[in-house]
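J.: Would you mind keeping the following structure in view while I ask a few things?
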Amino acid sequence: MPQTMVEVSHITMDFRMDKNRTTNLKEFVVNALSGKTNIEMFHALDNVSFTVDKGSIVGLIGHNGAGKSTILKIISGIYKPTKGAVRVGGRIVPMLELGSGFDAELTGRENILLNGAILGYSKEFLYGKLEEIIAYSELGDFIHMPLKTYSSGMLARLAFSIATVVEPDVLIVDEILSVGDEHFQRKSRKRMVELMTSSGTTVLFVSHNLQQLRQMCDKVIWLDHGKVRAMGEAAWICDEYEKEASGKA
């Protein structure tokens, strides 16, 4: 019986939006006192449920605004859902936004220690993994330079190296594999498969690259306007999504 590592149960996420588009506090207060506030609820997710088994790689697809990043942030604990619950078994490492958890003024080496501490790893563990993380990142002498000098591809290398070398139980990735050169993208995909097969790491990731999803994923979840449109075997879901996108559905 497969072990469930992530259980998403009836998740709904609503955001309050001010349609008046006030640009400053004074304007907001004046509108509020005169009764001109126009708050509208945006339903980012609507009763979303799914499970992810230990050691599986699950992809999420959907148009922009479908709810992919929102559900990953809820699973990661960044957002609290309006309704529903999420259960995660084990240590989770989110890679959702380039530079999150980093300090632009510190060097790459210093940021490894900072980011690792934010993720909950001890100083002893991080110093033991430090040289391995640096070598995997292939940043060379840039590891001693402040992050404000890094390109987006270099930031992706550093973030991915920290997340995968420390071997999390659950790895959450949002489009970060599409950043950087082709060599490091191939290396990253290979490392994700190694994590899944050797250490049992469970991976959830968002990608618009259907070929990447077909090659890497056991299952794909298709989100459409905040709802689960379909989920199942990766090749089949990607084929159906591609047909609709090309107008052949």
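A note on labels: chains of the structure tokens are A, B, ... as shown, every chain counts residues from 1, and ligands are counted from 1 in their shown order.
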What lies within 12 Å of Thr202 of chain A using only C-alpha atoms, ignoring chain neighbours under 3 positions off, as a compact mmCIF listing (two decimals) with C-alpha atoms, in the first residue's frame?
T.:
# COMPACT_ATOMS: atom_id res chain seq x y z
CA GLN A 3 2.30 5.84 1.68
CA THR A 4 0.49 9.15 1.20
CA MET A 5 2.90 12.08 1.63
CA VAL A 6 0.61 14.97 0.64
CA THR A 51 -3.25 12.90 -2.81
CA VAL A 52 0.40 12.37 -3.66
CA ASP A 53 2.16 9.09 -2.83
CA LYS A 54 5.67 8.84 -1.38
CA GLY A 55 8.40 8.86 -4.03
CA SER A 56 6.19 10.05 -6.87
CA ILE A 57 6.73 13.04 -9.17
CA VAL A 58 3.50 14.94 -9.78
CA GLY A 59 3.16 17.81 -12.24
CA VAL A 88 2.17 16.75 4.63
CA GLY A 89 4.24 13.85 5.95
CA GLY A 90 7.84 14.89 6.61
CA ARG A 91 10.14 17.81 5.88
CA ILE A 92 9.03 20.02 3.01
CA VAL A 93 11.33 22.27 0.95
CA PRO A 94 9.57 24.83 -1.27
CA THR A 164 18.21 18.76 -3.50
CA GLU A 167 17.29 15.60 0.45
CA PRO A 168 13.85 16.79 1.63
CA ASP A 169 10.89 14.44 2.10
CA VAL A 170 8.74 16.66 -0.13
CA LEU A 171 10.16 19.04 -2.75
CA ILE A 172 7.89 21.78 -4.16
CA VAL A 173 9.07 23.42 -7.40
CA MET A 192 14.98 14.95 -9.20
CA VAL A 193 14.69 11.40 -10.56
CA GLU A 194 17.63 10.32 -8.37
CA LEU A 195 15.96 11.81 -5.29
CA MET A 196 12.74 9.97 -6.07
CA THR A 197 14.38 6.59 -6.66
CA SER A 198 17.16 6.62 -4.04
CA SER A 199 15.80 8.59 -1.09
CA PHE A 205 6.16 20.89 -9.65
CA CYS A 217 5.97 12.70 -13.99
CA ASP A 218 4.04 9.70 -12.73
CA LYS A 219 0.86 11.76 -12.55
J.: Just list as a count of residues only whatever in segment 14-237 of chain A DSSP marks as strand (DSSP E or B).
T.: 60
J.: Just the residues within 7 Å of segment 44-46 of chain A, please, counting only C-alpha atoms, with nothing from its chain fewer than 4 positions along; format it as a list in words.
T.: Ile11, Thr12, Met13, Asp14, Gly67, Gly226 and Lys227 of chain A
J.: Write the residues of the selection above to a file with N, CA and C atoms, as a PDB file, in the first residue's frame.
T.:
ATOM      1  N   ILE A  11      -9.836  21.972  -0.655  1.00  0.00           N
ATOM      2  CA  ILE A  11      -9.232  23.295  -0.470  1.00  0.00           C
ATOM      3  C   ILE A  11      -9.955  24.352  -1.317  1.00  0.00           C
ATOM      4  N   THR A  12     -10.365  25.411  -0.634  1.00  0.00           N
ATOM      5  CA  THR A  12     -10.905  26.601  -1.287  1.00  0.00           C
ATOM      6  C   THR A  12     -10.060  27.786  -0.844  1.00  0.00           C
ATOM      7  N   MET A  13      -9.717  28.653  -1.800  1.00  0.00           N
ATOM      8  CA  MET A  13      -8.921  29.834  -1.473  1.00  0.00           C
ATOM      9  C   MET A  13      -9.537  31.058  -2.121  1.00  0.00           C
ATOM     10  N   ASP A  14      -9.964  32.011  -1.294  1.00  0.00           N
ATOM     11  CA  ASP A  14     -10.561  33.257  -1.768  1.00  0.00           C
ATOM     12  C   ASP A  14      -9.660  34.434  -1.428  1.00  0.00           C
ATOM     13  N   GLY A  67      -4.548  28.494 -10.714  1.00  0.00           N
ATOM     14  CA  GLY A  67      -4.436  28.134  -9.298  1.00  0.00           C
ATOM     15  C   GLY A  67      -3.234  27.276  -8.963  1.00  0.00           C
ATOM     16  N   GLY A 226      -9.293  27.284 -11.054  1.00  0.00           N
ATOM     17  CA  GLY A 226      -9.338  26.957  -9.639  1.00  0.00           C
ATOM     18  C   GLY A 226      -9.912  25.605  -9.296  1.00  0.00           C
ATOM     19  N   LYS A 227     -10.276  24.806 -10.305  1.00  0.00           N
ATOM     20  CA  LYS A 227     -10.823  23.477 -10.055  1.00  0.00           C
ATOM     21  C   LYS A 227      -9.957  22.418 -10.725  1.00  0.00           C
TER      22      LYS A 227
END
J.: Compile the contact shell of Pro81 of chain A as a ChimeraX atom specification: residues with an atom at most 10 Å away, counting only C-alpha atoms, same-chain residues fewer than 3 positions apart removed.
T.: /A:10-15,45,70-71,73-75,77-78,84-86
J.: Please produce a file of those selected residues containing C-alpha atoms, as a short mmCIF file (atom, residue, chain, number, x, y, z; two decimals), in the first residue's frame.
T.:
data_model
loop_
_atom_site.label_atom_id
_atom_site.label_comp_id
_atom_site.auth_asym_id
_atom_site.auth_seq_id
_atom_site.Cartn_x
_atom_site.Cartn_y
_atom_site.Cartn_z
CA HIS A 10 -11.44 20.20 -0.24
CA ILE A 11 -9.23 23.29 -0.47
CA THR A 12 -10.90 26.60 -1.29
CA MET A 13 -8.92 29.83 -1.47
CA ASP A 14 -10.56 33.26 -1.77
CA PHE A 15 -8.79 36.60 -2.12
CA LEU A 45 -9.25 27.58 -5.76
CA THR A 70 -1.62 29.09 -5.12
CA ILE A 71 -2.05 25.40 -4.29
CA LYS A 73 1.92 27.89 -1.58
CA ILE A 74 -0.89 26.38 0.50
CA ILE A 75 0.87 23.01 0.62
CA GLY A 77 2.34 26.63 4.45
CA ILE A 78 2.78 30.11 2.94
CA GLY A 84 -10.18 22.73 3.67
CA ALA A 85 -6.99 21.18 5.00
CA VAL A 86 -3.58 19.95 3.88
#
J.: Between atom CA of Glu233 of chain A and atom CA of Val220 of chain A, what is the spacing in Å?
T.: 6.4 Å
J.: Which residues are close to segment 111-118 of chain A, i.e. within 8 Å by only C-alpha atoms, leaving aside same-chain residues fewer than 6 positions away? Reply as a PDB file with N, CA and C atoms, in the first residue's frame.
T.:
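Result file part32.pdb:
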ATOM      1  N   GLY A 101      13.948  33.619   0.632  1.00  0.00           N
ATOM      2  CA  GLY A 101      14.797  33.054   1.677  1.00  0.00           C
ATOM      3  C   GLY A 101      16.258  33.434   1.534  1.00  0.00           C
ATOM      4  N   PHE A 102      16.580  34.279   0.553  1.00  0.00           N
ATOM      5  CA  PHE A 102      17.954  34.715   0.333  1.00  0.00           C
ATOM      6  C   PHE A 102      18.110  36.187   0.722  1.00  0.00           C
ATOM      7  N   ASP A 103      19.366  36.593   0.985  1.00  0.00           N
ATOM      8  CA  ASP A 103      19.709  37.984   1.249  1.00  0.00           C
ATOM      9  C   ASP A 103      20.645  38.444   0.143  1.00  0.00           C
ATOM     10  N   LEU A 126      24.517  21.651   7.967  1.00  0.00           N
ATOM     11  CA  LEU A 126      24.769  22.512   6.817  1.00  0.00           C
ATOM     12  C   LEU A 126      26.260  22.625   6.509  1.00  0.00           C
ATOM     13  N   TYR A 127      27.093  22.751   7.553  1.00  0.00           N
ATOM     14  CA  TYR A 127      28.535  22.805   7.312  1.00  0.00           C
ATOM     15  C   TYR A 127      29.037  21.487   6.733  1.00  0.00           C
ATOM     16  N   LEU A 130      28.067  21.727   3.045  1.00  0.00           N
ATOM     17  CA  LEU A 130      28.388  22.986   2.376  1.00  0.00           C
ATOM     18  C   LEU A 130      29.179  22.791   1.082  1.00  0.00           C
ATOM     19  N   LEU A 158      21.702  27.962  -7.329  1.00  0.00           N
ATOM     20  CA  LEU A 158      21.950  27.957  -5.886  1.00  0.00           C
ATOM     21  C   LEU A 158      20.762  27.380  -5.130  1.00  0.00           C
ATOM     22  N   ILE A 162      20.777  23.734  -2.963  1.00  0.00           N
ATOM     23  CA  ILE A 162      20.459  23.628  -1.535  1.00  0.00           C
ATOM     24  C   ILE A 162      19.323  22.637  -1.320  1.00  0.00           C
TER      25      ILE A 162
END
J.: Compare A:Gly232, A:Arg87, A:Gly120, A:His63 by their minimum atom-to-atom distance to Glu7 of chain A, counting only C-alpha atoms, and give me the closest one.
T.: A:Arg87
J.: Enter the distance from atom CA of Ser161 of chain A to atom CA of Ser76 of chain A, in Å, rounded to one decimal.
T.: 18.7 Å
J.: Under the rule of at most 12 Å, produce a per-residue listing of segment 114-226 of chain A near segment 234-237 of chain A: chain, number, name, the closest pair of atoms, and the distance in Å, as a Markdown table, using only C-alpha atoms.
T.:
| residue | atom | partner | partner_atom | distance |
| --- | --- | --- | --- | --- |
| A:Leu210 | CA | A:Ala235 | CA | 8.8 |
| A:Gln211 | CA | A:Ala235 | CA | 8.9 |
| A:Gln212 | CA | A:Ala234 | CA | 10.2 |
| A:Leu213 | CA | A:Ala234 | CA | 6.8 |
| A:Arg214 | CA | A:Ala235 | CA | 5.2 |
| A:Gln215 | CA | A:Ala234 | CA | 8.4 |
| A:Met216 | CA | A:Ala234 | CA | 8.5 |
| A:Cys217 | CA | A:Ala234 | CA | 5.9 |
| A:Asp218 | CA | A:Ala234 | CA | 5.9 |
| A:Lys219 | CA | A:Ala234 | CA | 4.8 |
| A:Val220 | CA | A:Ala234 | CA | 4.9 |
| A:Ile221 | CA | A:Ile237 | CA | 7.7 |
| A:Trp222 | CA | A:Ile237 | CA | 7.3 |
| A:Leu223 | CA | A:Ile237 | CA | 11.0 |
J.: Please determine, counting only C-alpha atoms, which residue among A:His208, A:His183, A:Ala230, A:Asp239 has the shortest atom-to-atom distance to Asn64 of chain A.
T.: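 That would be A:His208, the residue with the smallest distance to Asn64 of chain A.
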J.: From the options A:Ser207, A:Ser122, A:Tyr150, A:Lys129, which residue's atoms come nearest to Ala104 of chain A, counting only C-alpha atoms?
T.: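 Among the listed residues, the smallest separation from Ala104 of chain A belongs to A:Tyr150.
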J.: Mind listing the helix (DSSP H, G or I) residues of segment 88-226 of chain A, per DSSP on the backbone, as a PyMOL selection string?
T.: chain A and resi 108-118+123-137+140-144+147-149+152-165+176-178+182-199+210-216
